[in-house]
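Enquirer: One structure follows; several queries about it will come next.
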Amino acid sequence: MSAASLPAGLVIPPDLAIAPPTQDILSNVTPKRGFVGYLRRYPMIGFGGGLLLVMLFVAIFAPFLGTKDPTALAPALRTREPGAEFWFGSDMLGRDVYSRVLYGARVSLLVGFSVAFFASAIGLTIGLISGFNRFADSIIMRVMDGMMSIPPILLAIALMALTRGSVQNVILAITIAEVPRVSRLVRGVVLSLREQPYVEAAVASGTRTPTIIFRHILPNTLAPLTVQATFICAAAMITEAILSFIGAGTPPTIPSWGNIMAEGRALWQVKPYIVFFPAIFLSITVLAVNLLGDGLRDSIDPRLATKL
Amino acid sequence: MWAYIVRRVLATIPVMAVVALFVFSLLYLAPGDPAAVIAGDQATPDDVERIRASLGLDRPYLVRFGAWVWDILRGDLGTSIFTNLPVSHMIAQRIEPTLSLMIVTLILAVSIAVPMGVVAAWKQGTTIDRLVMAFAVLGFSVPVFVVGYVLAYIFALELDWLPVQGYTPFSQGFFPWMENLILPSVALGGVYIALIARITRATMLEVLSQDYIRTARAKGAGQRSILFLHALKNAAVPIVTIIGIGIALLIGGAVVTESVFAIPGLGRLTVDAILRRDYPVIQGVVLLFSFVYVLVNLVIDLLYTLFDPRIRY
C-alpha cells in the first residue's frame with residue numbers, strides 16, 4: 001500500500017515504519033473456463049485428441065498427401081530403400097509403403113471407432129437389461145462369464161476362422177470379443193446407481209421404470225462408458241493389426257497396417273523399414289487413443305487421477 | 001472354508017459349459033462338410049451319407065454336443081482335418097515351447113512390474129513415478145509384435161547378442177533354452193508388465209495412506225520393511241488378481257509372439273490351423289487355453305486366504 005492510496009487527510013509521520021504491501025495471493029489465479037481451460041487442466045486430452053485428429057486427417061485426406069495408388073504394382077522397383085522416390089521405401093511387389101501406410105490408417109481408425117461404438121451400444125443395452133432384470137441377469141452373466149474366459153484375441157481369431165476375411169467381419173469379431181467386458185462394466189454401474197438416494201426418491205415418487213432407466217440411470221453410465229470406449233478403440237486397433245498380421249483379418253488386397261507388416265515379415269531382416277513404418281504409425285495412433293482415454297478418465301473422476 | 005472351495009469349484013462348471021458350447025458351435029457352424037472331405041472326389045452321394053452317419057454327423061445338435069463333451073472328458077479332442085492326427089497329440093507336441101514362453105514371461109514380468117509399481121507409489125509425483133507411468137501407457141500402446149521386431153532388430157541383428165528366432169527345448173540345457181526365450185518374453189511381457197505395474201502402484205498408494213503405515217513409520221520401521229512387509233503384503237490380493245486376469249493377455253500375445261520369433265508352439269499351431277481352416281485344431285487350442293485360464297483364476301481365488309489371512313469364508 002503506497003502513500004498515494006491513503007485516504008485524504010491521513011498523514012503518516014516520516015519516521016513511522018510501514019509494513020510492505022502483502023502480496024495478493026489470489027490475484028493471479030484466474031480459472032480458465034470453457035474448452036481451452038478444460039484442455040489446459042487435462043493436457044493429455046488435448047495431446048491425445050490432437051494426435052488422433054492428425055491421424056484422422058491423414059486417413060481422410062490420404063489421396064491428397066503425395067500418395068500413389070497403394071495397390072499399384074511395380075515389380076521393377078521392388079524393395080527400394082526409403083528415399084526421394086519412395087518416402088518409406090517400396091515393398092517386395094514394388095508398392096509404395098508410404099501410400100500403403102497412409103491408406104492403412106483408414107482401416108485401423110474405421111475398425112477402432114466402429115468396434116468402440118458397437119461394443120458400447122450392445123454392452124450398454126445388455127448391461128441395462130441385466131442390471132434391471134434379475135432373471136435375465138442370471139442367464140446373461142453366466143454367458144458373459146463363459147465368453148470372458150476365452151482370451152479376447154483367441155475369441156476373435158476363432159470367430160474369424162468361421163468367416164471370410166473382410167473389414168466388416170473383423171469389426172464383428174472384435175466387437176463380440178469386447179462386449180462381455182462392457183456389459184459387466186455397465187451392469188456394475190447400474191447396480192450401484194440403483195442404490196443411490198436419488199433413484200430411491202424417483203421410485204418413491206412413482207416414476208415408472210422406463211423413465212428411471214432412461215432419465216436417471218442411463219445418463220450416468222455414459223461417462224464411464226465413454227472412457228471404456230476409448231480403451232476398447234485402442235484394443236480393437238491392436239487386435240485388428242494382430243488378426244491381419246497372422247493372416248486371419250483384413251484381406252491382403254486392402255492395405256492395413258497389420259497386412260503391410262505381415263507382407264514385410266519375410267524380408268524384415270534385410271528390409272526392416274517395411275515392417276517399422278506401419279508399426280510406428282500403429283503405435284502412435286494407439287498411444288493417442290490411450291492418452292485421450294486416460295485424460296477423459298481423470299477429468300471424469302479427479303480422485304482417480306493421482307492414483308491410476 | 002471347505003464349503004467355499006466346493007462352491008467356487010462348482011461355479012466354474014457353468015462357465016466351462018458356456019465355453020464348451022461356444023467352441024462346439026464353432027465347429028458346428030464352420031463352413032465345409034467333413035464327410036464330403038473324407039469321402040473324397042470319387043464318392044457318390046450315398047457314400048457321403050454313409051460316412052456322415054458313421055461319424056454321427058446326422059444327429060441333432062444337442063446330441064452331438066453331448067457326444068463331443070463326453071469325448072473331451074475322456075481326453076479325445078477330435079482329429080485334425082489336415083494332418084489326420086489326433087488333436088490332443090498335436091497339442092502335446094507343441095505345448096512345451098508355449099508353456100516355457102509363458103512361465104518365463106510370467107516370472108520376468110512379475111519380478112519387474114511389482115517392484116516398479118511399489119517404487120512408483122513410494123515416490124509418487126516424482127520423475128521416477130512419471131517414468132513408470134509413461135512406461136505403462138507405452139506398454140499398453142505398442143503392440144507385442146512391434147516390440148518383438150524392435151527388440152530382435154536391436155539385440156539380435158545389430159548387436160548379435162541373442163538368436164533372432166527359433167526355440168531350443170529345455171532338454172538341451174538351460175542356457176540355450178533361455179537364450180531363445182529372452183527376447184520373446186520381454187516382447188510378450190510388455191503389456192503385462194504395464195498392467196501389473198499400474199495396478200500395483202494404485203493399490204500401494206491406497207495402502208500407504210492407511211493408519212497402520214503411519215504407525216509403522218512412527219515406531220521407526222525402516223522404509224524397505226514398510227514398503228515390502230507392511231504395505232505390499234496388504235496390497236497382495238488385488239495384485240495377484242490382476243496377475244491372474246492378465247494371463248489372458250499372455251495367451252493372446254503368445255499367438256503373435258510365436259509368429260514373430262518362429263517358436264513352434266501352440267500359437268503357431270493356431271495360426272497354421274486358421275490358414276488351413278483346420279477347425280478341430282482351432283477348437284482344441286481355444287478350449288485348452290480357456291480351460292487353463294479359468295483354472296488359474298480359480299486357483300488364485302482359492303489362494304486369497306494365503307495372501308490375506310483376514311479373508312475367511
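Please note that chains go A, B, ... in the order of the C-alpha cells, that every chain numbers its residues from 1, and that ligands are numbered from 1 in the order shown.
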Skip Leu227 in chain B itself and residues of its chain fewer than 2 positions away, then list as an MDAnalysis selection string all residues within 10 Å of it, counting only C-alpha atoms.
Expert: chainID B and resid 115 118:119 121:122 204 207:208 213 221:225 229:233
Enquirer: With N, CA and C atoms retained, export the selected residues as a PDB file, in the first residue's frame.
Expert:
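Written output follows (out.pdb):
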```
ATOM      1  N   PRO B 115       8.054 -54.548  -8.226  1.00  0.00           N
ATOM      2  CA  PRO B 115       8.941 -53.509  -7.676  1.00  0.00           C
ATOM      3  C   PRO B 115       8.736 -52.148  -8.347  1.00  0.00           C
ATOM      4  N   VAL B 118       5.718 -50.577  -6.836  1.00  0.00           N
ATOM      5  CA  VAL B 118       5.972 -50.207  -5.443  1.00  0.00           C
ATOM      6  C   VAL B 118       6.783 -48.909  -5.383  1.00  0.00           C
ATOM      7  N   VAL B 119       7.863 -48.870  -6.186  1.00  0.00           N
ATOM      8  CA  VAL B 119       8.710 -47.677  -6.171  1.00  0.00           C
ATOM      9  C   VAL B 119       7.932 -46.459  -6.662  1.00  0.00           C
ATOM     10  N   ALA B 121       4.771 -45.873  -6.403  1.00  0.00           N
ATOM     11  CA  ALA B 121       3.842 -45.425  -5.366  1.00  0.00           C
ATOM     12  C   ALA B 121       4.594 -44.716  -4.247  1.00  0.00           C
ATOM     13  N   TRP B 122       5.755 -45.263  -3.903  1.00  0.00           N
ATOM     14  CA  TRP B 122       6.562 -44.695  -2.825  1.00  0.00           C
ATOM     15  C   TRP B 122       7.023 -43.289  -3.215  1.00  0.00           C
ATOM     16  N   MET B 204      -0.884 -49.822  -3.947  1.00  0.00           N
ATOM     17  CA  MET B 204       0.093 -49.389  -2.943  1.00  0.00           C
ATOM     18  C   MET B 204      -0.227 -47.981  -2.443  1.00  0.00           C
ATOM     19  N   VAL B 207      -2.890 -48.343   0.062  1.00  0.00           N
ATOM     20  CA  VAL B 207      -2.429 -48.941   1.316  1.00  0.00           C
ATOM     21  C   VAL B 207      -1.530 -47.971   2.091  1.00  0.00           C
ATOM     22  N   LEU B 208      -0.647 -47.266   1.367  1.00  0.00           N
ATOM     23  CA  LEU B 208       0.315 -46.390   2.036  1.00  0.00           C
ATOM     24  C   LEU B 208      -0.361 -45.233   2.767  1.00  0.00           C
ATOM     25  N   ILE B 213       0.284 -47.799   8.404  1.00  0.00           N
ATOM     26  CA  ILE B 213       1.570 -47.454   7.796  1.00  0.00           C
ATOM     27  C   ILE B 213       2.199 -46.306   8.579  1.00  0.00           C
ATOM     28  N   ALA B 221      10.043 -48.206  11.924  1.00  0.00           N
ATOM     29  CA  ALA B 221      10.333 -49.262  10.946  1.00  0.00           C
ATOM     30  C   ALA B 221      11.041 -48.647   9.733  1.00  0.00           C
ATOM     31  N   GLY B 222      11.954 -49.400   9.153  1.00  0.00           N
ATOM     32  CA  GLY B 222      12.704 -48.908   8.001  1.00  0.00           C
ATOM     33  C   GLY B 222      11.818 -48.785   6.778  1.00  0.00           C
ATOM     34  N   GLN B 223      12.277 -47.929   5.850  1.00  0.00           N
ATOM     35  CA  GLN B 223      11.488 -47.679   4.638  1.00  0.00           C
ATOM     36  C   GLN B 223      11.209 -48.976   3.870  1.00  0.00           C
ATOM     37  N   ARG B 224      12.283 -49.796   3.751  1.00  0.00           N
ATOM     38  CA  ARG B 224      12.122 -51.010   2.964  1.00  0.00           C
ATOM     39  C   ARG B 224      11.147 -51.966   3.618  1.00  0.00           C
ATOM     40  N   SER B 225      11.235 -52.075   4.940  1.00  0.00           N
ATOM     41  CA  SER B 225      10.342 -53.017   5.617  1.00  0.00           C
ATOM     42  C   SER B 225       8.903 -52.493   5.585  1.00  0.00           C
ATOM     43  N   LEU B 229       7.116 -55.217   3.618  1.00  0.00           N
ATOM     44  CA  LEU B 229       6.478 -56.083   4.611  1.00  0.00           C
ATOM     45  C   LEU B 229       5.075 -55.591   4.955  1.00  0.00           C
ATOM     46  N   HIS B 230       4.985 -54.306   5.328  1.00  0.00           N
ATOM     47  CA  HIS B 230       3.685 -53.821   5.782  1.00  0.00           C
ATOM     48  C   HIS B 230       2.746 -53.537   4.623  1.00  0.00           C
ATOM     49  N   ALA B 231       3.247 -52.828   3.629  1.00  0.00           N
ATOM     50  CA  ALA B 231       2.341 -52.339   2.588  1.00  0.00           C
ATOM     51  C   ALA B 231       2.072 -53.406   1.520  1.00  0.00           C
ATOM     52  N   LEU B 232       3.127 -53.962   0.962  1.00  0.00           N
ATOM     53  CA  LEU B 232       2.941 -54.886  -0.157  1.00  0.00           C
ATOM     54  C   LEU B 232       2.090 -56.088   0.245  1.00  0.00           C
ATOM     55  N   LYS B 233       2.292 -56.546   1.478  1.00  0.00           N
ATOM     56  CA  LYS B 233       1.516 -57.685   1.956  1.00  0.00           C
ATOM     57  C   LYS B 233       0.018 -57.361   1.922  1.00  0.00           C
TER      58      LYS B 233
END
```
Enquirer: Residues of range 90-203 of chain B that have any atom at most 12 Å from an atom of range 276-287 of chain B: could you tabulate them with the shortest-distance atom pair and the distance in Å to one decimal, using only C-alpha atoms, ordered by chain and increasing number, as CSV?
Expert:
```
residue,atom,partner,partner_atom,distance
B:Met90,CA,B:Val281,CA,8.3
B:Ile91,CA,B:Val285,CA,7.4
B:Ala92,CA,B:Val285,CA,10.7
B:Arg94,CA,B:Val285,CA,10.6
B:Ile95,CA,B:Val285,CA,10.2
B:Thr98,CA,B:Val285,CA,11.7
```
Enquirer: One number please: CA of Lys271 in chain A to CA of Tyr98 in chain A, in Å, one decimal.
Expert: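 The value is 14.5 Å.
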Enquirer: Contacts from chain B to chain A, 8 Å maximum, only C-alpha atoms: show me the residue list as number ranges by chain.
Expert: B: 14-19, 26, 29-31, 137-138, 140-143, 146, 153, 157, 198-199, 201-202, 205, 248-249, 251-252, 256, 259, 271, 274-275, 277, 279, 282-283, 286, 289-291, 293-294
Enquirer: What is the distance, in Å and to one decimal place, between CA of Ser80 in chain B and CA of Leu99 in chain B?
Expert: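 Calculated distance between CA of Ser80 in chain B and CA of Leu99 in chain B is 21.8 Å.
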Enquirer: Go through A:Ser99, A:Val182, A:Pro224, A:Phe277 and flag the residue nearest Pro63 in chain A, using only C-alpha atoms for the distances.
Expert: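 Answer, going by the shortest atom-to-atom distance: A:Ser99.
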Enquirer: What is the distance, in Å and to one decimal place, between CA of Val296 in chain B and CA of Phe22 in chain B?
Expert: 20.3 Å
Enquirer: Just the residues within 8 Å of Arg268 in chain B, please, counting only C-alpha atoms, with nothing from its chain fewer than 6 positions along; format it as a tab-separated table (two decimals) with C-alpha atoms, in the first residue's frame.
Expert:
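Below is the file out39.tsv, written as the result:
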```
chain	number	residue	atom	x	y	z
B	255	VAL	CA	-0.01	-66.46	-30.64
B	258	GLU	CA	5.43	-67.20	-31.61
B	259	SER	CA	4.82	-66.00	-35.15
B	262	ALA	CA	9.27	-68.60	-35.18
```
Enquirer: In terms of the shortest atom-to-atom distance over only C-alpha atoms, which of A:Ser299, A:Thr71, A:Ser256, A:Asn220 is closest to Leu124 in chain A?
Expert: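 Of the candidates, the smallest distance to Leu124 in chain A is held by A:Asn220.
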